[in-house]
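With TSV, C-alpha atoms inside, this is run.tsv:
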chain	number	residue	atom	x	y	z
A	63	MET	CA	-19.07	78.88	-25.67
A	64	ARG	CA	-16.33	77.90	-23.25
A	65	LEU	CA	-18.94	76.97	-20.63
A	66	ARG	CA	-20.75	74.79	-23.20
A	67	LEU	CA	-17.51	72.93	-24.02
A	68	LEU	CA	-16.74	72.44	-20.35
A	69	ARG	CA	-20.23	71.05	-19.75
A	70	ARG	CA	-19.87	68.72	-22.77
A	71	ASN	CA	-16.46	67.43	-21.50
A	72	LEU	CA	-17.87	66.90	-18.05
A	73	LEU	CA	-20.79	64.91	-19.45
A	74	ALA	CA	-18.35	62.83	-21.55
A	75	LEU	CA	-16.20	62.15	-18.48
A	76	LEU	CA	-19.24	61.12	-16.48
A	77	ALA	CA	-20.29	58.78	-19.29
A	78	VAL	CA	-16.84	57.18	-19.34
A	79	LEU	CA	-16.90	56.78	-15.56
A	80	LEU	CA	-20.32	55.14	-15.76
A	81	VAL	CA	-19.09	52.71	-18.42
A	82	VAL	CA	-16.01	51.85	-16.37
A	83	ALA	CA	-18.08	51.39	-13.22
A	84	SER	CA	-20.51	49.16	-15.10
A	85	LEU	CA	-17.65	47.07	-16.41
A	86	LEU	CA	-16.14	46.72	-12.95
A	87	ILE	CA	-19.47	45.70	-11.47
A	88	SER	CA	-20.23	43.21	-14.22
A	89	THR	CA	-16.71	41.78	-14.02
A	90	ARG	CA	-17.02	41.34	-10.28
A	91	VAL	CA	-20.40	39.66	-10.74
A	92	LEU	CA	-18.95	37.43	-13.45
A	93	LEU	CA	-15.96	36.47	-11.32
A	94	ALA	CA	-18.20	35.78	-8.37
A	95	SER	CA	-20.44	33.66	-10.58
A	96	GLU	CA	-17.42	31.75	-11.93
A	97	ASN	CA	-16.08	31.18	-8.43
A	98	ASP	CA	-19.51	30.00	-7.31
A	99	ALA	CA	-19.65	27.70	-10.32
A	100	VAL	CA	-16.21	26.30	-9.49
A	101	ASP	CA	-17.21	25.80	-5.86
A	102	VAL	CA	-20.41	24.06	-6.93
A	103	ALA	CA	-18.47	21.90	-9.41
A	104	ASP	CA	-15.95	20.97	-6.71
A	105	ARG	CA	-18.75	20.13	-4.30
A	106	ASN	CA	-20.53	18.12	-6.97
A	107	GLN	CA	-17.31	16.25	-7.80
A	108	ASP	CA	-16.70	15.51	-4.11
A	109	THR	CA	-20.31	14.35	-3.76
A	110	GLN	CA	-20.03	12.13	-6.84
A	111	SER	CA	-16.78	10.62	-5.53
A	112	GLU	CA	-18.34	10.00	-2.14
A	113	ASP	CA	-21.43	8.46	-3.73
A	114	SER	CA	-19.33	6.19	-5.95
A	115	LEU	CA	-17.33	5.05	-2.91
A	116	LYS	CA	-20.24	4.29	-0.61
A	117	PHE	CA	-20.33	0.81	0.90
A	118	SER	CA	-23.36	-1.19	1.89
A	119	PHE	CA	-22.81	-3.02	5.18
A	120	GLY	CA	-26.24	-4.66	5.26
A	121	SER	CA	-24.98	-8.20	4.64
A	122	SER	CA	-21.89	-10.03	3.44
A	123	SER	CA	-23.46	-10.23	-0.01
A	124	ASP	CA	-24.13	-6.46	-0.09
A	125	LEU	CA	-20.61	-5.72	1.08
A	126	SER	CA	-19.17	-8.05	-1.57
A	127	GLN	CA	-21.05	-6.14	-4.25
A	128	SER	CA	-19.64	-2.87	-2.91
A	129	VAL	CA	-16.12	-4.33	-2.98
A	130	TYR	CA	-16.45	-5.53	-6.56
A	131	SER	CA	-17.90	-2.18	-7.61
A	132	ALA	CA	-15.03	-0.24	-5.98
A	133	ASN	CA	-12.43	-2.49	-7.62
A	134	TYR	CA	-14.11	-1.98	-10.97
A	135	LYS	CA	-14.55	1.80	-10.76
A	136	GLN	CA	-11.10	2.50	-9.28
A	137	VAL	CA	-11.87	6.06	-8.23
A	138	VAL	CA	-8.58	7.93	-7.76
A	139	GLN	CA	-8.94	10.60	-5.08
A	140	ASN	CA	-7.30	14.00	-5.64
A	141	ALA	CA	-6.60	13.20	-9.30
A	142	ASP	CA	-7.59	16.70	-10.43
A	143	THR	CA	-5.45	18.34	-7.77
A	144	PHE	CA	-2.37	16.29	-8.71
A	145	PRO	CA	-2.56	15.59	-12.47
A	146	GLY	CA	0.05	13.67	-14.43
A	147	GLU	CA	1.82	10.38	-13.93
A	148	PRO	CA	3.05	9.44	-10.43
A	149	ARG	CA	6.78	9.51	-9.77
A	150	LEU	CA	6.43	6.80	-7.13
A	151	VAL	CA	3.78	4.23	-6.25
A	152	LEU	CA	3.35	3.00	-2.67
A	153	VAL	CA	1.13	-0.04	-2.03
A	154	VAL	CA	-0.09	-0.44	1.55
A	155	GLN	CA	-1.63	-3.71	2.77
A	156	VAL	CA	-4.30	-2.79	5.31
A	157	HIS	CA	-6.24	-4.89	7.81
A	158	ASN	CA	-8.02	-3.28	10.76
A	159	ARG	CA	-5.65	-1.29	12.96
A	160	PRO	CA	-6.85	2.30	12.53
A	161	ASP	CA	-4.48	3.87	15.07
A	162	TYR	CA	-1.43	2.48	13.28
A	163	LEU	CA	-2.83	3.50	9.91
A	164	ARG	CA	-3.18	7.07	11.20
A	165	LEU	CA	0.51	7.04	12.16
A	166	LEU	CA	1.46	5.87	8.66
A	167	VAL	CA	-0.67	8.60	7.05
A	168	LYS	CA	0.90	11.20	9.33
A	169	SER	CA	4.37	10.08	8.24
A	170	LEU	CA	3.37	10.16	4.57
A	171	GLU	CA	2.06	13.71	4.92
A	172	ARG	CA	5.46	14.77	6.28
A	173	ALA	CA	7.43	13.10	3.47
A	174	ALA	CA	9.22	15.36	1.01
A	175	GLU	CA	7.64	15.54	-2.48
A	176	VAL	CA	4.70	13.38	-1.39
A	177	HIS	CA	2.46	15.26	-3.84
A	178	SER	CA	4.09	13.22	-6.64
A	179	PHE	CA	3.10	9.85	-5.10
A	180	LEU	CA	0.25	7.51	-5.90
A	181	LEU	CA	-0.85	5.73	-2.72
A	182	ILE	CA	-2.69	2.44	-3.21
A	183	PHE	CA	-4.34	1.07	-0.09
A	184	SER	CA	-5.30	-2.60	-0.36
A	185	HIS	CA	-7.87	-3.58	2.28
A	186	ASP	CA	-8.88	-7.02	3.50
A	187	TYR	CA	-11.27	-5.55	6.06
A	188	VAL	CA	-13.83	-2.89	5.18
A	189	SER	CA	-14.99	-0.41	7.80
A	190	GLU	CA	-16.22	3.16	7.75
A	191	GLU	CA	-13.43	4.16	10.14
A	192	MET	CA	-10.62	2.77	7.96
A	193	ASN	CA	-12.17	4.25	4.81
A	194	ALA	CA	-12.54	7.64	6.49
A	195	ILE	CA	-8.84	7.72	7.41
A	196	VAL	CA	-7.79	7.06	3.82
A	197	ARG	CA	-10.38	9.37	2.26
A	198	GLY	CA	-9.19	12.18	4.50
A	199	ILE	CA	-5.86	12.27	2.63
A	200	ARG	CA	-5.50	15.47	0.58
A	201	PHE	CA	-1.76	15.62	-0.11
A	202	CYS	CA	-1.47	13.23	-3.10
A	203	LYS	CA	-3.40	10.84	-5.33
A	204	VAL	CA	-5.01	7.90	-3.54
A	205	LEU	CA	-6.63	4.69	-4.72
A	206	GLN	CA	-8.34	2.09	-2.54
A	207	ILE	CA	-8.64	-1.52	-3.65
A	208	TYR	CA	-10.27	-4.35	-1.72
A	209	PHE	CA	-9.32	-8.01	-1.41
A	210	PRO	CA	-12.50	-9.73	-2.62
A	211	PHE	CA	-11.93	-13.11	-0.91
A	212	SER	CA	-11.52	-11.98	2.69
A	213	THR	CA	-12.79	-13.72	5.80
A	214	GLN	CA	-15.02	-10.69	6.38
A	215	LEU	CA	-16.83	-11.32	3.08
A	216	TYR	CA	-16.92	-15.11	3.56
A	217	PRO	CA	-17.38	-15.52	7.33
A	218	LYS	CA	-18.87	-19.02	7.29
A	219	GLU	CA	-17.57	-20.56	4.10
A	220	PHE	CA	-14.23	-20.94	2.33
A	221	PRO	CA	-12.02	-18.92	2.05
A	222	GLY	CA	-13.35	-17.97	5.48
A	223	GLN	CA	-13.75	-20.57	8.21
A	224	ASP	CA	-16.46	-23.05	7.23
A	225	PRO	CA	-18.04	-24.65	10.33
A	226	ARG	CA	-17.66	-27.99	8.51
A	227	ASP	CA	-13.87	-27.57	8.25
A	228	CYS	CA	-11.66	-29.79	10.37
A	229	PRO	CA	-10.44	-28.33	13.67
A	230	ARG	CA	-6.76	-27.30	13.48
A	231	ASP	CA	-5.34	-29.98	15.80
A	232	LEU	CA	-7.64	-32.90	14.99
A	233	PRO	CA	-5.60	-36.00	14.06
A	234	LYS	CA	-6.07	-36.98	10.41
A	235	GLU	CA	-7.59	-40.40	11.22
A	236	ASP	CA	-10.24	-38.76	13.39
A	237	ALA	CA	-10.81	-36.07	10.75
A	238	VAL	CA	-11.38	-38.68	8.03
A	239	ARG	CA	-13.74	-40.56	10.32
A	240	SER	CA	-15.69	-37.40	11.15
A	241	GLY	CA	-16.11	-36.42	7.50
A	242	CYS	CA	-15.01	-32.81	7.93
A	243	LEU	CA	-14.46	-31.04	4.62
A	244	ASN	CA	-10.68	-30.90	4.38
A	245	ALA	CA	-9.83	-34.13	6.20
A	246	GLU	CA	-7.46	-35.30	3.47
A	247	HIS	CA	-5.39	-32.12	3.40
A	248	PRO	CA	-3.62	-31.16	6.61
A	249	ASP	CA	-0.34	-29.27	6.37
A	250	SER	CA	3.17	-30.74	6.67
A	251	TYR	CA	2.81	-30.88	10.45
A	252	GLY	CA	-0.64	-32.48	10.56
A	253	HIS	CA	-2.57	-29.26	11.22
A	254	TYR	CA	-5.65	-28.04	9.34
A	255	ARG	CA	-6.06	-24.56	7.89
A	256	GLU	CA	-7.10	-21.53	9.91
A	257	ALA	CA	-8.68	-18.85	7.73
A	258	PHE	CA	-7.31	-15.88	9.68
A	259	ILE	CA	-3.81	-17.33	9.24
A	260	THR	CA	-4.06	-18.01	5.50
A	261	GLN	CA	-5.63	-14.66	4.62
A	262	THR	CA	-2.42	-12.58	4.69
A	263	LYS	CA	-0.66	-14.71	2.05
A	264	HIS	CA	-3.80	-14.76	-0.11
A	265	HIS	CA	-4.15	-11.00	0.14
A	266	TRP	CA	-0.49	-10.35	-0.66
A	267	TRP	CA	-0.52	-12.49	-3.81
A	268	TRP	CA	-3.87	-11.14	-5.03
A	269	LYS	CA	-2.67	-7.56	-4.42
A	270	LEU	CA	0.57	-8.17	-6.34
A	271	HIS	CA	-1.40	-9.37	-9.39
A	272	PHE	CA	-4.09	-6.72	-9.16
A	273	VAL	CA	-1.73	-3.77	-8.80
A	274	TRP	CA	0.47	-4.68	-11.75
A	275	GLU	CA	-2.22	-6.09	-14.04
A	276	ARG	CA	-5.51	-4.35	-13.31
A	277	VAL	CA	-4.95	-0.98	-11.69
A	278	GLN	CA	-5.58	1.49	-14.51
A	279	ALA	CA	-3.47	4.21	-12.89
A	280	MET	CA	-0.46	1.87	-13.13
A	281	GLN	CA	-0.70	1.39	-16.88
A	282	GLY	CA	2.48	2.72	-18.44
A	283	TYR	CA	4.19	3.19	-15.06
A	284	SER	CA	7.80	2.05	-15.38
A	285	GLY	CA	9.12	2.62	-11.87
A	286	PHE	CA	9.15	0.48	-8.75
A	287	ALA	CA	6.14	-0.16	-6.55
A	288	ILE	CA	7.11	-0.05	-2.89
A	289	PHE	CA	5.15	-2.38	-0.62
A	290	LEU	CA	4.28	-1.28	2.91
A	291	GLU	CA	1.91	-2.35	5.68
A	292	GLU	CA	-0.45	-0.37	7.85
A	293	ASP	CA	1.92	-0.41	10.84
A	294	ASN	CA	4.87	1.07	8.95
A	295	TYR	CA	6.14	4.63	9.31
A	296	ILE	CA	8.25	6.33	6.64
A	297	LEU	CA	10.97	8.93	7.21
A	298	PRO	CA	10.77	12.44	5.73
A	299	ASP	CA	13.58	11.75	3.21
A	300	PHE	CA	12.00	8.52	1.97
A	301	PHE	CA	11.60	9.68	-1.64
A	302	HIS	CA	15.00	11.38	-1.68
A	303	PHE	CA	16.65	8.15	-0.52
A	304	TYR	CA	14.67	6.13	-3.08
A	305	LYS	CA	16.03	8.35	-5.87
A	306	LEU	CA	19.56	7.89	-4.57
A	307	MET	CA	19.06	4.12	-4.57
A	308	LEU	CA	17.78	4.21	-8.14
A	309	GLU	CA	20.87	6.11	-9.25
A	310	PHE	CA	23.15	3.77	-7.31
A	311	LYS	CA	21.47	0.74	-8.87
A	312	LYS	CA	21.96	2.24	-12.32
A	313	THR	CA	25.65	3.02	-11.85
A	314	SER	CA	26.89	0.41	-9.37
A	315	CYS	CA	24.40	-2.46	-9.04
A	316	SER	CA	22.80	-3.09	-12.40
A	317	ASP	CA	22.13	-6.73	-11.47
A	318	CYS	CA	20.16	-5.80	-8.33
A	319	ASP	CA	16.60	-7.09	-8.71
A	320	MET	CA	14.93	-5.33	-5.81
A	321	LEU	CA	15.33	-2.46	-3.36
A	322	ALA	CA	14.72	-2.60	0.38
A	323	LEU	CA	14.21	0.86	1.84
A	324	GLY	CA	13.66	-0.57	5.29
A	325	ASN	CA	15.18	-3.01	7.73
A	326	HIS	CA	14.29	-4.25	11.20
A	327	ASN	CA	17.02	-2.37	13.08
A	328	GLY	CA	14.95	0.74	13.65
A	329	LEU	CA	17.06	3.88	13.95
A	330	SER	CA	19.88	2.32	15.95
A	331	ASP	CA	23.23	3.76	14.86
A	332	PHE	CA	21.35	5.78	12.24
A	333	SER	CA	23.86	8.64	12.30
A	334	ASN	CA	26.53	6.27	10.98
A	335	MET	CA	24.25	4.30	8.66
A	336	SER	CA	22.16	7.07	7.09
A	337	ASN	CA	24.01	7.11	3.75
A	338	LYS	CA	25.05	3.44	3.59
A	339	VAL	CA	23.70	0.57	1.51
A	340	LEU	CA	24.71	-3.05	1.03
A	341	THR	CA	23.85	-5.82	-1.41
A	342	SER	CA	22.52	-9.21	-0.40
A	343	GLY	CA	20.41	-12.15	-1.41
A	344	TRP	CA	16.75	-11.57	-0.51
A	345	LEU	CA	15.92	-12.81	2.99
A	346	SER	CA	12.49	-12.93	4.60
A	347	THR	CA	13.63	-11.77	8.02
A	348	LYS	CA	15.54	-8.75	6.69
A	349	HIS	CA	14.08	-7.44	3.45
A	350	ASN	CA	10.29	-7.68	3.76
A	351	ILE	CA	9.81	-4.06	4.87
A	352	GLY	CA	9.78	-1.20	2.38
A	353	MET	CA	10.35	-3.69	-0.43
A	354	ALA	CA	10.47	-2.19	-3.93
A	355	ILE	CA	9.43	-4.44	-6.83
A	356	SER	CA	9.72	-3.62	-10.52
A	357	ARG	CA	7.42	-4.93	-13.22
A	358	GLU	CA	10.24	-7.21	-14.39
A	359	VAL	CA	10.54	-8.86	-10.96
A	360	TYR	CA	6.76	-9.11	-10.77
A	361	TYR	CA	6.83	-11.16	-13.98
A	362	LYS	CA	9.49	-13.43	-12.47
A	363	LEU	CA	7.28	-14.03	-9.45
A	364	MET	CA	4.20	-14.53	-11.59
A	365	GLY	CA	6.06	-17.21	-13.54
A	366	CYS	CA	6.30	-19.10	-10.25
A	367	SER	CA	2.61	-18.88	-9.39
A	368	ASN	CA	2.16	-22.62	-8.95
A	369	ASP	CA	5.20	-22.88	-6.69
A	370	PHE	CA	4.17	-19.86	-4.62
A	371	CYS	CA	0.61	-21.09	-4.24
A	372	THR	CA	1.39	-24.69	-3.29
A	373	TYR	CA	4.40	-24.15	-0.99
A	374	ASP	CA	3.37	-25.13	2.53
A	375	ASP	CA	4.12	-21.89	4.35
A	376	TYR	CA	1.43	-19.40	5.31
A	377	ASN	CA	3.97	-16.54	5.17
A	378	TRP	CA	4.29	-14.75	1.81
A	379	ASP	CA	7.82	-13.57	2.61
A	380	TRP	CA	9.20	-17.00	3.53
A	381	THR	CA	7.57	-18.29	0.35
A	382	VAL	CA	9.35	-15.63	-1.74
A	383	GLN	CA	12.64	-16.62	-0.09
A	384	HIS	CA	11.94	-20.23	-1.08
A	385	LEU	CA	11.35	-19.20	-4.71
A	386	SER	CA	14.60	-17.22	-4.85
A	387	GLY	CA	17.12	-19.67	-6.25
A	388	THR	CA	14.65	-22.51	-6.92
A	389	CYS	CA	11.80	-21.59	-9.28
A	390	ILE	CA	13.55	-18.26	-9.90
A	391	SER	CA	16.82	-19.88	-10.94
A	392	LYS	CA	19.03	-16.87	-10.23
A	393	PRO	CA	18.62	-15.84	-6.57
A	394	LEU	CA	17.07	-12.42	-6.11
A	395	LYS	CA	19.64	-9.74	-5.34
A	396	VAL	CA	18.56	-6.77	-3.27
A	397	LEU	CA	20.05	-3.33	-2.61
A	398	VAL	CA	19.41	-2.59	1.06
A	399	ALA	CA	19.25	0.68	3.01
A	400	GLN	CA	21.29	0.23	6.18
A	401	GLY	CA	19.78	3.36	7.63
A	402	SER	CA	16.14	2.29	7.45
A	403	ARG	CA	13.68	4.71	5.82
A	404	VAL	CA	10.75	2.56	6.95
A	405	LEU	CA	10.05	1.88	10.61
A	406	HIS	CA	7.85	-0.81	12.09
A	407	THR	CA	5.51	0.68	14.70
A	408	GLY	CA	3.26	-2.34	15.25
A	409	ASP	CA	3.68	-3.94	18.65
A	410	CYS	CA	0.84	-6.35	17.97
A	411	GLY	CA	-0.46	-8.16	14.92
A	412	LEU	CA	-1.32	-11.62	13.63
A	413	HIS	CA	-0.01	-13.54	16.65
A	414	GLN	CA	0.02	-10.78	19.29
A	415	LYS	CA	-3.36	-9.21	20.03
A	416	ASP	CA	-2.85	-7.65	23.45
A	417	LYS	CA	-1.03	-4.55	24.67
A	418	CYS	CA	-1.34	-2.59	21.42
A	419	ARG	CA	-0.08	0.88	22.31
A	420	PRO	CA	0.35	2.93	19.12
A	421	GLU	CA	0.79	6.13	21.15
A	422	TRP	CA	3.92	4.65	22.70
A	423	ALA	CA	5.19	3.64	19.27
A	424	PHE	CA	4.63	7.17	17.99
A	425	LYS	CA	6.48	8.66	20.95
A	426	ARG	CA	9.47	6.38	20.30
A	427	VAL	CA	9.48	7.31	16.61
A	428	GLU	CA	9.31	11.05	17.33
A	429	GLU	CA	12.18	10.84	19.81
A	430	SER	CA	14.31	8.85	17.36
A	431	LEU	CA	13.57	11.25	14.51
A	432	ARG	CA	14.65	14.23	16.58
A	433	MET	CA	18.03	12.61	17.06
A	434	ALA	CA	18.29	11.53	13.39
A	435	LYS	CA	17.17	14.84	11.89
A	436	GLU	CA	20.66	16.14	11.10
A	437	VAL	CA	21.65	13.14	8.96
A	438	LEU	CA	18.54	12.87	6.80
A	439	PHE	CA	18.75	13.71	3.08
A	440	PRO	CA	22.33	12.50	2.47
A	441	PRO	CA	23.88	13.83	-0.78
A	442	SER	CA	25.03	10.39	-1.98
A	443	LEU	CA	25.26	6.73	-0.99
A	444	VAL	CA	28.19	4.57	0.09
A	445	LEU	CA	28.38	0.80	-0.39
A	446	SER	CA	29.33	-0.67	2.97
A	447	GLY	CA	29.30	-4.36	2.10
A	448	SER	CA	28.29	-7.13	-0.29
A	449	GLU	CA	26.81	-10.29	1.18
A	450	LEU	CA	26.61	-13.60	-0.62
A	451	VAL	CA	23.68	-13.90	-3.02
A	452	GLU	CA	22.48	-17.49	-2.82
A	453	HIS	CA	19.42	-19.61	-2.14
A	454	ARG	CA	18.82	-19.84	1.60
A	455	ALA	CA	16.82	-22.94	2.43
A	456	HIS	CA	14.66	-22.84	5.54
A	457	MET	CA	12.20	-25.04	7.38
A	458	LYS	CA	8.73	-24.25	6.07
A	459	ASN	CA	6.19	-23.09	8.60
A	460	GLY	CA	3.15	-24.99	7.36
A	461	GLY	CA	-0.38	-23.64	7.65
A	462	TRP	CA	-0.85	-23.87	3.88
A	463	GLY	CA	-1.66	-27.50	3.11
A	464	ASP	CA	-5.29	-27.18	2.01
A	465	ILE	CA	-5.76	-27.70	-1.73
A	466	ARG	CA	-8.59	-25.13	-1.72
A	467	ASP	CA	-6.06	-22.46	-0.75
A	468	HIS	CA	-3.76	-23.65	-3.52
A	469	ALA	CA	-6.49	-23.53	-6.17
A	470	LEU	CA	-7.81	-20.09	-5.17
A	471	CYS	CA	-4.32	-18.61	-5.04
A	472	ILE	CA	-3.42	-19.96	-8.49
A	473	ASN	CA	-6.65	-18.63	-9.96
A	474	TYR	CA	-6.18	-15.00	-8.90
A	475	SER	CA	-4.40	-14.15	-12.11
A	476	LYS	CA	-7.23	-15.75	-14.09
A	477	ARG	CA	-10.18	-14.41	-12.10
A	478	LEU	CA	-9.11	-10.81	-11.43

Written as structure tokens, how would this file's structure read?
Amino acid sequence: MRLRLLRRNLLALLAVLLVVASLLISTRVLLASENDAVDVADRNQDTQSEDSLKFSFGSSSDLSQSVYSANYKQVVQNADTFPGEPRLVLVVQVHNRPDYLRLLVKSLERAAEVHSFLLIFSHDYVSEEMNAIVRGIRFCKVLQIYFPFSTQLYPKEFPGQDPRDCPRDLPKEDAVRSGCLNAEHPDSYGHYREAFITQTKHHWWWKLHFVWERVQAMQGYSGFAIFLEEDNYILPDFFHFYKLMLEFKKTSCSDCDMLALGNHNGLSDFSNMSNKVLTSGWLSTKHNIGMAISREVYYKLMGCSNDFCTYDDYNWDWTVQHLSGTCISKPLKVLVAQGSRVLHTGDCGLHQKDKCRPEWAFKRVEESLRMAKEVLFPPSLVLSGSELVEHRAHMKNGGWGDIRDHALCINYSKRL
């Protein structure tokens, strides 16, 4: 009897063990299947994103179609990895300097709390190399937009350089006699347009409109958009300093229109300037780097579209300075970081094509950062000065006299 009971208990125990083992095996299979499904889904999502971002380089027409498609679809990379609204939006104007762009991306990856950013890269030159650099970013949300009126897309017609356009230095009388297209519209100094010169101002104004009006990821965003360029380099405490500036603006500079997180002094005297800010009227030569614009200021600028688009200066920043205190009746007041959180690494650009050595620039930045490391992330800000806020007149630089440039620029807000 006792042996029978023992055998029955043993059989029951074996049955339980078999059930448990079966459950463990099935669970493991199920988990493996789920993981495989997730991996497949991730791969499929990556493939779909890559497919939707493919560009056709067969012809200018094909590339234009790819650009319009990308601007329409607005595929945000890493959106599933970093859900929710961005805490900061950075807008980077990009041309075709991949080595400098890599330096910027490297600096962004090192920035504190970068996972909360939305990076918008605005391109006026499309290449597989530049796209690959941006699409390799995994540390935050990323959107690429493309200037649809670039010289790359219109190489032999306006807004590119039409072969029937007047040569830059041709006297107007000779231009009229020759019948070149824009003979009646030289700039203030008698020069005719050069497409590669006018493109930067066009791109900047188009980008400003497109970001605030048409980028879906910006809808409902109430913070500042900070404007950078491909040859900028941000410091690790960039976002920390931005938050300090926001708080300072709220408590001590409520009439400040804009923020400037950068200046052109590099990291000279950074140990003494790290926690200092000053207020000033907006100046092209000082406040065009790391410039933070709110939606309210964007509307002020948009209200001056005609003035911006017809002012004979090919520089967007000098044009903004002209607007400040003229079309914008109250001069723009800016809160400025004296210890710059944005560095300029570019040693070549629009007017300087030779001797581009980004590796040297990176070495200089790294050496400077090692010395500045101890004074990053200050606990609070100190106002070191208040400069006069007034309209600063300047001699316009020309290069923007062609009425075709005026008309296209004005129409961006209508044709987006």

Give me, as CSV, the closest atom pair and its distance (Å, one decimal) for every residue of segment 126-224 of chain A within a cut-off of 12 Å of segment 380-404 of chain A, counting only C-alpha atoms, rows sorted by chain and rising number.
residue,atom,partner,partner_atom,distance
A:Leu166,CA,A:Val404,CA,10.0
A:Ser169,CA,A:Val404,CA,9.9
A:Leu170,CA,A:Val404,CA,10.9
A:Ala173,CA,A:Arg403,CA,10.7

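When only C-alpha atoms are used to compute distances to Ala132 of chain A, the closest of the residues A:Phe183, A:Tyr474, A:Phe439, A:Tyr208 turns out to be A:Tyr208.
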
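The closest residue to Asn294 of chain A, picked from A:Asn325, A:Asn140, A:Ser121, A:Asn377 and counting all atoms listed in the file, is A:Asn325.
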
### Message
So that I can see what lies close to Glu291 of chain A, please list as a PyMOL selection string the residues with an atom at most 12 Å from it, counting all atoms listed in the file and leaving out residues fewer than 5 positions away in the same chain.
### Response
chain A and resi 152-159+162-163+165-167+181-186+262+265-266+296+324+350-353+404-408+411

### Task
Tell me, as a PyMOL selection string, which residues lie within 9 Å of Gly222 of chain A, counting only C-alpha atoms; anything in the same chain fewer than 4 positions away does not count.
chain A and resi 211-218+256-258+261

Would you output that residue set with C-alpha atoms, as an mmCIF file, in the coordinates of the input?
data_model
loop_
_atom_site.group_PDB
_atom_site.id
_atom_site.type_symbol
_atom_site.label_atom_id
_atom_site.label_comp_id
_atom_site.auth_asym_id
_atom_site.auth_seq_id
_atom_site.Cartn_x
_atom_site.Cartn_y
_atom_site.Cartn_z
ATOM 1 C CA PHE A 211 -11.930 -13.110 -0.910
ATOM 2 C CA SER A 212 -11.520 -11.980 2.690
ATOM 3 C CA THR A 213 -12.790 -13.720 5.800
ATOM 4 C CA GLN A 214 -15.020 -10.690 6.380
ATOM 5 C CA LEU A 215 -16.830 -11.320 3.080
ATOM 6 C CA TYR A 216 -16.920 -15.110 3.560
ATOM 7 C CA PRO A 217 -17.380 -15.520 7.330
ATOM 8 C CA LYS A 218 -18.870 -19.020 7.290
ATOM 9 C CA GLU A 256 -7.100 -21.530 9.910
ATOM 10 C CA ALA A 257 -8.680 -18.850 7.730
ATOM 11 C CA PHE A 258 -7.310 -15.880 9.680
ATOM 12 C CA GLN A 261 -5.630 -14.660 4.620
#

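Proximity to segment 462-473 of chain A at 7 Å, evaluated using all atoms listed in the file and with sequence-adjacent residues fewer than 5 positions away removed, yields A:Asn244, A:His247, A:Pro248, A:Asp249, A:Ser250, A:Arg255, A:Thr260, A:His264, A:Ser367, A:Asn368, A:Cys371, A:Thr372, A:Asp374, A:Asp375, A:Tyr376.
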
Keeping C-alpha atoms, export the residues of the selection given above as a PDB file, in the coordinates of the input.
ATOM      1  CA  ASN A 244     -10.680 -30.900   4.380  1.00  0.00           C
ATOM      2  CA  HIS A 247      -5.390 -32.120   3.400  1.00  0.00           C
ATOM      3  CA  PRO A 248      -3.620 -31.160   6.610  1.00  0.00           C
ATOM      4  CA  ASP A 249      -0.340 -29.270   6.370  1.00  0.00           C
ATOM      5  CA  SER A 250       3.170 -30.740   6.670  1.00  0.00           C
ATOM      6  CA  ARG A 255      -6.060 -24.560   7.890  1.00  0.00           C
ATOM      7  CA  THR A 260      -4.060 -18.010   5.500  1.00  0.00           C
ATOM      8  CA  HIS A 264      -3.800 -14.760  -0.110  1.00  0.00           C
ATOM      9  CA  SER A 367       2.610 -18.880  -9.390  1.00  0.00           C
ATOM     10  CA  ASN A 368       2.160 -22.620  -8.950  1.00  0.00           C
ATOM     11  CA  CYS A 371       0.610 -21.090  -4.240  1.00  0.00           C
ATOM     12  CA  THR A 372       1.390 -24.690  -3.290  1.00  0.00           C
ATOM     13  CA  ASP A 374       3.370 -25.130   2.530  1.00  0.00           C
ATOM     14  CA  ASP A 375       4.120 -21.890   4.350  1.00  0.00           C
ATOM     15  CA  TYR A 376       1.430 -19.400   5.310  1.00  0.00           C
TER      16      TYR A 376
END
